Amino acid sequence: MLWISIDRTSTVPLIRQIYLQLRDRILKGELPAGCRLPASRELAAELKVSRNVVLEAYDQLTAEGYLEGRTGSGTYVAQGASWQRNPTPFPTASHLTTTPDDLIDFRSGIPALDRFPKKQWGQLAKMICLETSPDSFGYGAPEGCIELRSTLSHYILRTRGVHCHPDQLIITTGAAQAFSLIGRLLLSPGDTLVLEDPTTPEIREIFAVFDVEICSVPVDDRGLQTHALPTHPSPRFILITPSHQFPLGSVLTIQRRIELLQFARSTQCWIVEDDYDSEFRYEGTPVSSLQGLDPDRVIYIGTFSKNLSPALRLGYLVLPVPLIEPCRRIKRLTDLHTSVFDQLTLARFIQTGLLDRHINQMKKLYRQRRNTLKQGLATHFSEQVKILGDSTGLHLVAAFTKTQFTSDVLQRIAQQHVRVYPVSNYTNLQNSYQHEIVLGYANLSVTEIEIGLQRLKQVLI
Ligand SMILES: Cc1ncc(COP(=O)(O)O)c(C=O)c1O
């Protein structure tokens, strides 16, 4: 007789209990192919359930291919239904990294997460969900909602000097998706592309999957060294952060901007401008976009990860006209489109002036945090430290003349429950940037910055 246990106190229906136990034993091979099951009447009597319960469980297993009925002779386990699983053991806690509660993490590019305008965003999101037409609950356009694209085209002209028609915009799931779309749009195996050095390792990884030659061109305090651009073979595109080089923070000078555009024209290559955090400029006049100088040659990428929240996953591409249709097609094939409701909420957030207000408030806050960091570095390390790239953005670079950030030094810093990010992690150049670390400050309070610096001092002095 077949061993099946029935739990009458369970919330799981009887049919489901029988079905699951039989399925499990067939999968494990305990009921092998060809094994005859008891007649439904017999099993029902033994389990003290109605015959229909057993019949329904058998029917379900037959429909899924576990059982087969042979006319006049009964119900049998079907061939090929056993499956030995080898589950991968889940790593025990000792394999997982733990984060100390009092960790001071100077990670770059994270805005003040506790200042996200939850109330305003939430109210707008609710209003849009209740007010919007039924159409908005269907599939949207791959390039994004016209409400957002139209609002954004005015916004980026006003704030960044980016010139575009709304149809040149594609709303993306963050800048990260914009990079992937550009890779699919422009790259073929064997092509060359230019990245700045240093740059984020993630960007290198995104493009490396396209089986291309990545040429790293060094930067200095005037931005990308345009004289070092490769001409043979000429690159498919040059990806650059001209308003705030990541991570060193230099601004590409107008002379180099012009050299870069001339190079791109003469070699017929594209320029991809990653404008990730330039709204936060604390000193000097705002730096306009490169796109504004040559909208036909420059692909512009913007993101709301730094001025609002990285969790939103909202960014955009501004494309020269010939690239619009092919890029829309790739976006459609990638994920159809970015969330309509988030786009509509963002459009309203910009239209009502809330984005401007939030950026202004954050600018004041970040300036104060940046000043605390700069003053603290000067107080604790005086001549031993030089600060770079602090006029814009959410991070700065500190160069310590007497310290090399070896793995041993970084480990000792980590033991103090502080995390810093050596610039050497961002470069392909051997033995360079040994003395520099990136310090993100936007998501740390003034007190946290001060404590972090005191702990750093214990290791470095
Ligand atoms: C250089 C650079 N560009 C852009 C981004 C923004 O990426 P996303 O919009 O996907 O969050 C980042 C993220 O940290 C970055 O480091």
# chains A, B, ... in the order shown; residues from 1 in each chain; ligands from 1
>>> select_by_dssp(residues="stretch 210-295 of chain A", states="alpha helix (DSSP H)", output="NGL selection string")
:A and (254-267)
>>> residues_around(residues="A:Leu31", least_positions_apart="3", cutoff="12 Å", atoms="only C-alpha atoms", output="VMD selection string")
chain A and resid 2 to 3 21 to 28 34 to 37 66 to 67 76 to 83
>>> write_last_selection(atoms="N, CA and C atoms", output="PDB file, in the first residue's frame")
ATOM      1  N   LEU A   2       0.353   2.334  -0.523  1.00  0.00           N
ATOM      2  CA  LEU A   2       1.126   3.575  -0.672  1.00  0.00           C
ATOM      3  C   LEU A   2       1.064   4.392   0.620  1.00  0.00           C
ATOM      4  N   TRP A   3       2.254   4.855   1.085  1.00  0.00           N
ATOM      5  CA  TRP A   3       2.268   5.629   2.334  1.00  0.00           C
ATOM      6  C   TRP A   3       2.054   7.123   2.028  1.00  0.00           C
ATOM      7  N   GLN A  21       2.662  15.018  -2.356  1.00  0.00           N
ATOM      8  CA  GLN A  21       3.425  13.864  -1.849  1.00  0.00           C
ATOM      9  C   GLN A  21       3.739  12.879  -2.969  1.00  0.00           C
ATOM     10  N   LEU A  22       2.756  12.666  -3.865  1.00  0.00           N
ATOM     11  CA  LEU A  22       3.024  11.743  -4.984  1.00  0.00           C
ATOM     12  C   LEU A  22       4.075  12.337  -5.926  1.00  0.00           C
ATOM     13  N   ARG A  23       3.946  13.618  -6.211  1.00  0.00           N
ATOM     14  CA  ARG A  23       4.889  14.271  -7.133  1.00  0.00           C
ATOM     15  C   ARG A  23       6.317  14.187  -6.585  1.00  0.00           C
ATOM     16  N   ASP A  24       6.444  14.458  -5.279  1.00  0.00           N
ATOM     17  CA  ASP A  24       7.757  14.444  -4.647  1.00  0.00           C
ATOM     18  C   ASP A  24       8.404  13.062  -4.754  1.00  0.00           C
ATOM     19  N   ARG A  25       7.616  12.023  -4.536  1.00  0.00           N
ATOM     20  CA  ARG A  25       8.182  10.667  -4.546  1.00  0.00           C
ATOM     21  C   ARG A  25       8.492  10.212  -5.967  1.00  0.00           C
ATOM     22  N   ILE A  26       7.714  10.699  -6.940  1.00  0.00           N
ATOM     23  CA  ILE A  26       8.033  10.362  -8.342  1.00  0.00           C
ATOM     24  C   ILE A  26       9.339  11.054  -8.739  1.00  0.00           C
ATOM     25  N   LEU A  27       9.466  12.337  -8.380  1.00  0.00           N
ATOM     26  CA  LEU A  27      10.680  13.082  -8.735  1.00  0.00           C
ATOM     27  C   LEU A  27      11.920  12.443  -8.113  1.00  0.00           C
ATOM     28  N   LYS A  28      11.804  12.006  -6.867  1.00  0.00           N
ATOM     29  CA  LYS A  28      12.951  11.392  -6.183  1.00  0.00           C
ATOM     30  C   LYS A  28      13.257   9.992  -6.695  1.00  0.00           C
ATOM     31  N   GLY A  34       6.809   3.193 -14.512  1.00  0.00           N
ATOM     32  CA  GLY A  34       6.153   1.896 -14.702  1.00  0.00           C
ATOM     33  C   GLY A  34       5.453   1.393 -13.445  1.00  0.00           C
ATOM     34  N   CYS A  35       5.692   2.035 -12.308  1.00  0.00           N
ATOM     35  CA  CYS A  35       5.079   1.593 -11.047  1.00  0.00           C
ATOM     36  C   CYS A  35       3.561   1.856 -11.093  1.00  0.00           C
ATOM     37  N   ARG A  36       2.793   0.871 -10.710  1.00  0.00           N
ATOM     38  CA  ARG A  36       1.331   1.029 -10.781  1.00  0.00           C
ATOM     39  C   ARG A  36       0.825   1.666  -9.493  1.00  0.00           C
ATOM     40  N   LEU A  37      -0.018   2.656  -9.604  1.00  0.00           N
ATOM     41  CA  LEU A  37      -0.578   3.305  -8.415  1.00  0.00           C
ATOM     42  C   LEU A  37      -1.852   2.588  -7.985  1.00  0.00           C
ATOM     43  N   TYR A  66       3.377  13.329 -15.043  1.00  0.00           N
ATOM     44  CA  TYR A  66       3.985  12.418 -14.050  1.00  0.00           C
ATOM     45  C   TYR A  66       3.361  11.015 -14.127  1.00  0.00           C
ATOM     46  N   LEU A  67       2.065  10.973 -14.426  1.00  0.00           N
ATOM     47  CA  LEU A  67       1.339   9.700 -14.464  1.00  0.00           C
ATOM     48  C   LEU A  67       0.752   9.481 -15.850  1.00  0.00           C
ATOM     49  N   TYR A  76      -0.248   4.546 -13.972  1.00  0.00           N
ATOM     50  CA  TYR A  76       1.171   4.183 -13.811  1.00  0.00           C
ATOM     51  C   TYR A  76       2.042   5.441 -13.775  1.00  0.00           C
ATOM     52  N   VAL A  77       3.229   5.309 -13.146  1.00  0.00           N
ATOM     53  CA  VAL A  77       4.203   6.403 -13.185  1.00  0.00           C
ATOM     54  C   VAL A  77       4.810   6.442 -14.588  1.00  0.00           C
ATOM     55  N   ALA A  78       4.844   7.637 -15.185  1.00  0.00           N
ATOM     56  CA  ALA A  78       5.323   7.786 -16.566  1.00  0.00           C
ATOM     57  C   ALA A  78       6.853   7.700 -16.620  1.00  0.00           C
ATOM     58  N   GLN A  79       7.387   7.441 -17.797  1.00  0.00           N
ATOM     59  CA  GLN A  79       8.842   7.426 -18.024  1.00  0.00           C
ATOM     60  C   GLN A  79       9.397   8.849 -17.906  1.00  0.00           C
ATOM     61  N   GLY A  80      10.637   8.955 -17.481  1.00  0.00           N
ATOM     62  CA  GLY A  80      11.370  10.234 -17.545  1.00  0.00           C
ATOM     63  C   GLY A  80      10.881  11.303 -16.597  1.00  0.00           C
ATOM     64  N   ALA A  81      10.252  10.903 -15.473  1.00  0.00           N
ATOM     65  CA  ALA A  81       9.739  11.940 -14.558  1.00  0.00           C
ATOM     66  C   ALA A  81      10.549  12.030 -13.269  1.00  0.00           C
ATOM     67  N   SER A  82      11.662  11.270 -13.177  1.00  0.00           N
ATOM     68  CA  SER A  82      12.449  11.394 -11.928  1.00  0.00           C
ATOM     69  C   SER A  82      13.602  12.372 -12.154  1.00  0.00           C
ATOM     70  N   TRP A  83      13.936  13.094 -11.150  1.00  0.00           N
ATOM     71  CA  TRP A  83      14.930  14.183 -11.282  1.00  0.00           C
ATOM     72  C   TRP A  83      15.693  14.312  -9.979  1.00  0.00           C
TER      73      TRP A  83
END
>>> residues_near_ligand(ligand="ligand 1", cutoff="6 Å", atoms="only C-alpha atoms and all ligand atoms", output="PDB file with N, CA and C atoms, in the first residue's frame")
ATOM      1  N   GLY A 109      29.359  58.793  -4.864  1.00  0.00           N
ATOM      2  CA  GLY A 109      28.184  58.737  -5.735  1.00  0.00           C
ATOM      3  C   GLY A 109      26.874  58.383  -5.051  1.00  0.00           C
ATOM      4  N   GLY A 174      18.419  54.137 -15.612  1.00  0.00           N
ATOM      5  CA  GLY A 174      19.716  54.619 -15.117  1.00  0.00           C
ATOM      6  C   GLY A 174      20.739  54.764 -16.227  1.00  0.00           C
ATOM      7  N   ALA A 175      21.867  55.416 -15.874  1.00  0.00           N
ATOM      8  CA  ALA A 175      22.949  55.574 -16.849  1.00  0.00           C
ATOM      9  C   ALA A 175      23.516  54.213 -17.221  1.00  0.00           C
ATOM     10  N   ALA A 176      23.485  53.269 -16.275  1.00  0.00           N
ATOM     11  CA  ALA A 176      24.047  51.941 -16.541  1.00  0.00           C
ATOM     12  C   ALA A 176      23.380  51.341 -17.783  1.00  0.00           C
ATOM     13  N   THR A 200      35.402  54.185 -13.823  1.00  0.00           N
ATOM     14  CA  THR A 200      34.823  53.135 -12.966  1.00  0.00           C
ATOM     15  C   THR A 200      35.042  51.769 -13.610  1.00  0.00           C
ATOM     16  N   PHE A 246      35.335  61.419 -13.588  1.00  0.00           N
ATOM     17  CA  PHE A 246      35.215  60.434 -12.523  1.00  0.00           C
ATOM     18  C   PHE A 246      36.403  59.498 -12.556  1.00  0.00           C
ATOM     19  N   ASP A 274      29.095  61.537 -20.307  1.00  0.00           N
ATOM     20  CA  ASP A 274      28.433  61.053 -19.087  1.00  0.00           C
ATOM     21  C   ASP A 274      28.417  62.218 -18.092  1.00  0.00           C
ATOM     22  N   TYR A 276      27.080  62.926 -14.898  1.00  0.00           N
ATOM     23  CA  TYR A 276      26.412  62.199 -13.818  1.00  0.00           C
ATOM     24  C   TYR A 276      26.099  63.032 -12.575  1.00  0.00           C
ATOM     25  N   THR A 303      21.407  61.209 -15.513  1.00  0.00           N
ATOM     26  CA  THR A 303      20.848  60.256 -14.544  1.00  0.00           C
ATOM     27  C   THR A 303      20.177  61.001 -13.394  1.00  0.00           C
ATOM     28  N   SER A 305      20.150  59.379 -10.499  1.00  0.00           N
ATOM     29  CA  SER A 305      20.697  58.618  -9.359  1.00  0.00           C
ATOM     30  C   SER A 305      21.389  59.504  -8.348  1.00  0.00           C
ATOM     31  N   PRO A 310      19.472  56.710  -6.404  1.00  0.00           N
ATOM     32  CA  PRO A 310      19.861  55.637  -7.330  1.00  0.00           C
ATOM     33  C   PRO A 310      18.815  54.521  -7.387  1.00  0.00           C
ATOM     34  N   GLY A 315      17.232  57.308 -15.824  1.00  0.00           N
ATOM     35  CA  GLY A 315      18.255  58.083 -16.515  1.00  0.00           C
ATOM     36  C   GLY A 315      17.778  58.358 -17.931  1.00  0.00           C
TER      37      GLY A 315
END
>>> residues_around(residues="A:Leu103", least_positions_apart="4", cutoff="12 Å", atoms="only C-alpha atoms", output="PyMOL selection string")
chain A and resi 98-99+107+413-420+444+448-449+451-452+455
>>> closest_residue(among="A:Ser150, A:Thr379, A:Thr427, A:Gln262", to="A:Ile170", atoms="only C-alpha atoms")
A:Ser150
>>> residues_around(residues="A:Asp59", least_positions_apart="4", cutoff="12 Å", atoms="only C-alpha atoms", output="list of chain:residue names")
A:Ile15, A:Arg16, A:Ile18, A:Tyr19, A:Ser40, A:Asn52, A:Val53, A:Val54, A:Leu55, A:Ala63, A:Glu64, A:Gly65, A:Tyr66, A:Leu67, A:Glu68, A:Gly69, A:Thr75
